[in-house]
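Colleague: Mind looking over this structure? Questions follow.
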There are 2 protein chains.
Amino acid sequence: MANLVKIYEYLEEHKLEHVAKVQEFLRQPSISTENKGIRECAQLLKEYYRKIGCQEVELVETGGHPCIWAYYHAEAPKTLINYCMYDVQPVAGETWTHPPFEAKLVEKPPFKLVVMARGAYNSKGGYRMWLNALEAILAVEGKLPVNLMFTAEGEEELGSPHLAQFIHQYKERLRRADAVLNTGPSQQIDGSIRMAMGAKGIAEFELECSGHLWGRGPQEFDVHSSMKAITDSPIWRFIHALASLTSLDGNTIRIEGFYDRVRPPTEEDLELIGQLEKTFDPEVWRRTFKIDRWVDDLQGRELLMKFIYSPTLNIQGIYGGHIGAGSKTVLPHKVACTLDIRLVPDMTVDEVMVKLRAHLDKLGYTDILIRPLAGYPPAKVSHKTDIAQAVIQMYRKNGIEPQIWPISGGSWPMYLYCKDPLQLPYCSGGLGHGGNAHSPDEYLVIEGDGKVAGIVEAEKSYVDILYNYAHSEP
Amino acid sequence: MANLVKIYEYLEEHKLEHVAKVQEFLRQPSISTENKGIRECAQLLKEYYRKIGCQEVELVETGGHPCIWAYYHAEAPKTLINYCMYDVQPVAGETWTHPPFEAKLVEKPPFKLVVMARGAYNSKGGYRMWLNALEAILAVEGKLPVNLMFTAEGEEELGSPHLAQFIHQYKERLRRADAVLNTGPSQQIDGSIRMAMGAKGIAEFELECSGHLWGRGPQEFDVHSSMKAITDSPIWRFIHALASLTSLDGNTIRIEGFYDRVRPPTEEDLELIGQLEKTFDPEVWRRTFKIDRWVDDLQGRELLMKFIYSPTLNIQGIYGGHIGAGSKTVLPHKVACTLDIRLVPDMTVDEVMVKLRAHLDKLGYTDILIRPLAGYPPAKVSHKTDIAQAVIQMYRKNGIEPQIWPISGGSWPMYLYCKDPLQLPYCSGGLGHGGNAHSPDEYLVIEGDGKVAGIVEAEKSYVDILYNYAHSEP
């Protein structure tokens, strides 16, 4: 048996060093959208895998940013795959209290200490804590209790366009694993735990309307707006085309057949929802996201069902013509917007894109361009597997009964691990808390407040999960 | 009698010097929107007024960019007011063949030589030629045939928010003038002339929709787009609010009572339209603006009537959330767009703004902000006045029968000169041609092609107008 007490002590004693390692990782920018610091960050991550003693560490070139394959062979009976994203969201246009790549340690009530940085919460901060935990086990025990296959990508924020290519390249090795474990800060601001046993899929795309493709309005450049009297406007066309996609409140999608493949909740799902209902408190989200009222003023179970089982059509941004202060009397020749569709089981990227095209075509908007940016399907696993139980056991040891969510609202290409080509059980979890993902002042808690874990407790939770799983019946 | 031949010879002999002066003026940036080079340009213009011997030259501070008052007293029986704008449009985001403030002389078929610069056509290039013409008269004759009151503003591209303040400050002096004359390159690409005896008014404003003002959706910052399932989107709300403003094709304005005050054409107008119809060739515009088809595929008289008598609602630009390459999975908390309404007689800025507000309120969009940027009413004069006839006479001398337009499509605060507080006859004109106003590669012809005038012929045309007017019956 491993000496858990000694490992915990090691984590306590190396706390300052571990915080510094988190800061080091966060200070390396890795904005995939802008290709800023991506390769430097991949190199840093390779170093980390080497330091924990991985026998194999490979930078894997793809059609986009590189992936990293690493393998730690512990001669253990069980093998886990670990996924990580090393890229982060852009910061342009955001106003931060502290520079987003300074990784400053600051007080952020109710927390005594957080690290504030782009990627602190999503997801580099927590990932470095997980690596710290592995280093602690190795320092005390000499080896890990399981074999670990690391799969890291630098394009999660782009919609993981090349992860499938990477996974397929290593699928023969990966298939030999027993399960997938991802770790990260999973506590909400009140200390409660959400475990997501599924992820929505996503289709990201750009819509563009131009005089050039339409054959009406300005063909090549923005013209003087006095011409509007006799000139068609691609922006007005775009506004009406977009308006046709949703109900007036923007919440019901009017694309024909859009909801056809939405699978109703399973019996296991409804059991989970029944449990969830007792503890789910949207107040935490309201405070975190500064949202006063939910769609249709939903509450309780209805809100929960909507969040979990609704596919969405979201406008990420819209831009055309004169952008910025004051006016410019032009009639713009083109306009575009970026959108994402979140997919629930059993929707697929292809079918929603086909339906969107058909919708636009039917209304005569055959000229409006759909430029796919990224996409992958949803996925869902059971919470009854060994790996999920290993995680749940850790929470219970810490006095937390986790909320188990059948599907999370967010998206990651979980399907690659849980469906074809690997078909493995999967779970993610860990103590700790962060916030403001994709927003200014993103943070990760370093010193907890009694409700949420600080760095040491988070790292201990990762240690616990590994040993719980290693000792579970094969 | 003045020695016109000698003045013409002077213009020929000083051609190179005059081209250099045009370039000098254009090389001084004066972007009002960005407050770039405005004061430097105002100083330069003051120098120009001093050099032609104005006894009064004053920089007049306003609530915005400065105006310039200058007076040349010729002890002549007649006095003309001359208006000029010394500001230009922004160039940000535009792709130019040559840098926009280099004022390069280049071949631009069918023209042997044009000067390419922001402001070349709209309006600094032609204005400097007019000043060159005045200098030539002064060099040959010693004095001008009329007294001149110069009124220059640096905010035309902002919608002239402080011109009224300036005009009112000098109204006692200005009222003593007999008429208003503005000069500039008025030939179309085929050499034909459009004379506008009126200008549409304009109301420019920004619309903004935010979660904060709405009380729904994200209140303070963009949130993760997975929240869309239960969070209202200000952008979707905005799209539907905008869509309510026009017909599906974007060309008929659905604001209640919007067209109520549109005055039908007068008998004099219909006479002019009858004349116009014979020579009006939209082909020139099609080539200039790269527009293949007009609204509703209109042609001939119908197109003409639409252009002249239609008020418009134009979106200059729209912007919100993630703007730029790739995707960013956020649900934006606000979105805005800039619009302009072009007003025809007898519409007013106030009434259309009130109607727009009422329209939005009626549909429940009370939270959508209308931020007025600028505005002034339309104006219209007769072509039968002495000053207009002096201009027409010059064209006929050059073998051109001008197209007389009751109202132009563009806007400038002509009302300040033709209606309260001055109530003066007004005309503008001159030979020469330019293009791409408000667009990349804006240009002004320096060497004509037989159809359109070069710099010397343009300057001669200004000389002719002045003497025609000076000699007309009082």
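Note on naming: chains are A, B, ... as they come in the structure tokens, residues start from 1 per chain, ligands start from 1 in the order shown.
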Pull the closest atom pair for each residue of chain B that gets at most 6 Å from chain A, along with the distance in Å to one decimal, counting only C-alpha atoms, ordering rows by chain and then ascending residue number, as a tab-separated table.

Modeller:
residue	atom	partner	partner_atom	distance
B:Arg216	CA	A:Arg293	CA	5.7
B:Gly217	CA	A:Ile291	CA	5.9
B:Pro218	CA	A:Ile291	CA	5.0
B:Gln219	CA	A:Lys290	CA	5.5
B:Ser226	CA	A:Gly409	CA	5.0
B:Ala229	CA	A:Phe307	CA	5.1
B:Ile230	CA	A:Val295	CA	5.1
B:Thr231	CA	A:Trp294	CA	5.3
B:Asp232	CA	A:Val295	CA	5.6
B:Trp236	CA	A:Gly250	CA	5.0
B:Ile239	CA	A:Ile239	CA	5.8
B:His240	CA	A:Ala243	CA	5.5
B:Ala243	CA	A:His240	CA	5.5
B:Gly250	CA	A:Trp236	CA	5.0
B:Lys290	CA	A:Gln219	CA	5.5
B:Ile291	CA	A:Pro218	CA	5.0
B:Arg293	CA	A:Arg216	CA	5.7
B:Trp294	CA	A:Thr231	CA	5.3
B:Val295	CA	A:Ile230	CA	5.1
B:Phe307	CA	A:Ala229	CA	5.1
B:Ser310	CA	A:Ala229	CA	5.8
B:Thr312	CA	A:Ala229	CA	5.7
B:Gln316	CA	A:Val330	CA	5.3
B:Gly317	CA	A:Gly321	CA	4.1
B:Ile318	CA	A:Tyr319	CA	5.3
B:Tyr319	CA	A:Tyr319	CA	4.5
B:Gly320	CA	A:Gly317	CA	5.3
B:Gly321	CA	A:Gly317	CA	4.1
B:His322	CA	A:Gly317	CA	4.3
B:Ile323	CA	A:Gly317	CA	5.7
B:Val330	CA	A:Gln316	CA	5.3
B:Leu331	CA	A:Gln316	CA	5.6
B:Gly409	CA	A:Ser226	CA	5.0
B:Gly410	CA	A:Ser226	CA	5.0

Colleague: Give the strand (DSSP E or B) residues of region 163-412 of chain A, as DSSP finds them on the backbone, and put them as a PyMOL selection string.

Modeller: chain A and resi 179-183+187+193-196+198-210+218+223-224+246+253+291+312-321+330-331+334-343+369-376+379-380+403-405+408-411

Colleague: Could you tell me how far CA of His73 (chain A) lies from CA of Asn147 (chain A), in Å and to one decimal?

Modeller: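 If I compute the distance from CA of His73 (chain A) to CA of Asn147 (chain A), I get 4.9 Å.
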
Colleague: Give the answer as one residue: which of B:Cys41, B:Tyr395, B:Tyr426, B:Leu276 has the shortest atom-to-atom distance to Tyr83 (chain B), using only C-alpha atoms?

Modeller: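 Closest to Tyr83 (chain B), using only C-alpha atoms: B:Tyr426.
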
Colleague: May I ask for the distance between CA of Arg50 (chain B) and CA of Tyr72 (chain B), given in Å to one decimal place?

Modeller: 9.3 Å

Colleague: Within 7 Å of Tyr86 (chain A), counting only C-alpha atoms, which residues qualify if same-chain residues fewer than 6 places away don't, as a count of residues only?

Modeller: 4

Colleague: Give me, please, the distance in Å between CA of Gly434 (chain B) and CA of Leu144 (chain B), quoted to one decimal.

Modeller: 27.1 Å

Colleague: So that I can check the surroundings of Ile38 (chain B), please list as a PyMOL selection string every protein, DNA and RNA residue that reaches within 8 Å of it, counting only C-alpha atoms and ignoring chain neighbours fewer than 3 positions away.

Modeller: chain B and resi 29-32+35+41-42+65+87+154

Colleague: Counting only C-alpha atoms, which residue out of A:Glu442, A:Ala458, A:Thr385, A:Tyr10 sits closest to Val91 (chain A)?

Modeller: A:Glu442

Colleague: Between B:Leu59, B:Met195, B:Ile455, B:Ala203, single out the one closest to Gly375 (chain B), counting only C-alpha atoms.

Modeller: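 Comparing B:Leu59, B:Met195, B:Ile455, B:Ala203 against Gly375 (chain B), the winner is B:Ala203.
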
Colleague: Based on the backbone DSSP call, show me all residues of region 54-287 of chain B assigned alpha helix (DSSP H), as an NGL selection string.

Modeller: :B and (124-141 or 163-169 or 171-174 or 211-214 or 234-243 or 267-279 or 283-287)

Colleague: Using only C-alpha atoms, can you tell me which of B:Gly126, B:Gly191, B:Pro345, B:Pro110 comes closest to Ala453 (chain B)?

Modeller: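 Looking only at the distances to Ala453 (chain B), the closest residue turns out to be B:Gly191.
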
Colleague: Which residue gives the smallest distance to Asn132 (chain B) among B:Ile189, B:Val22, B:Ala199, B:Leu424, with only C-alpha atoms counted?

Modeller: B:Val22
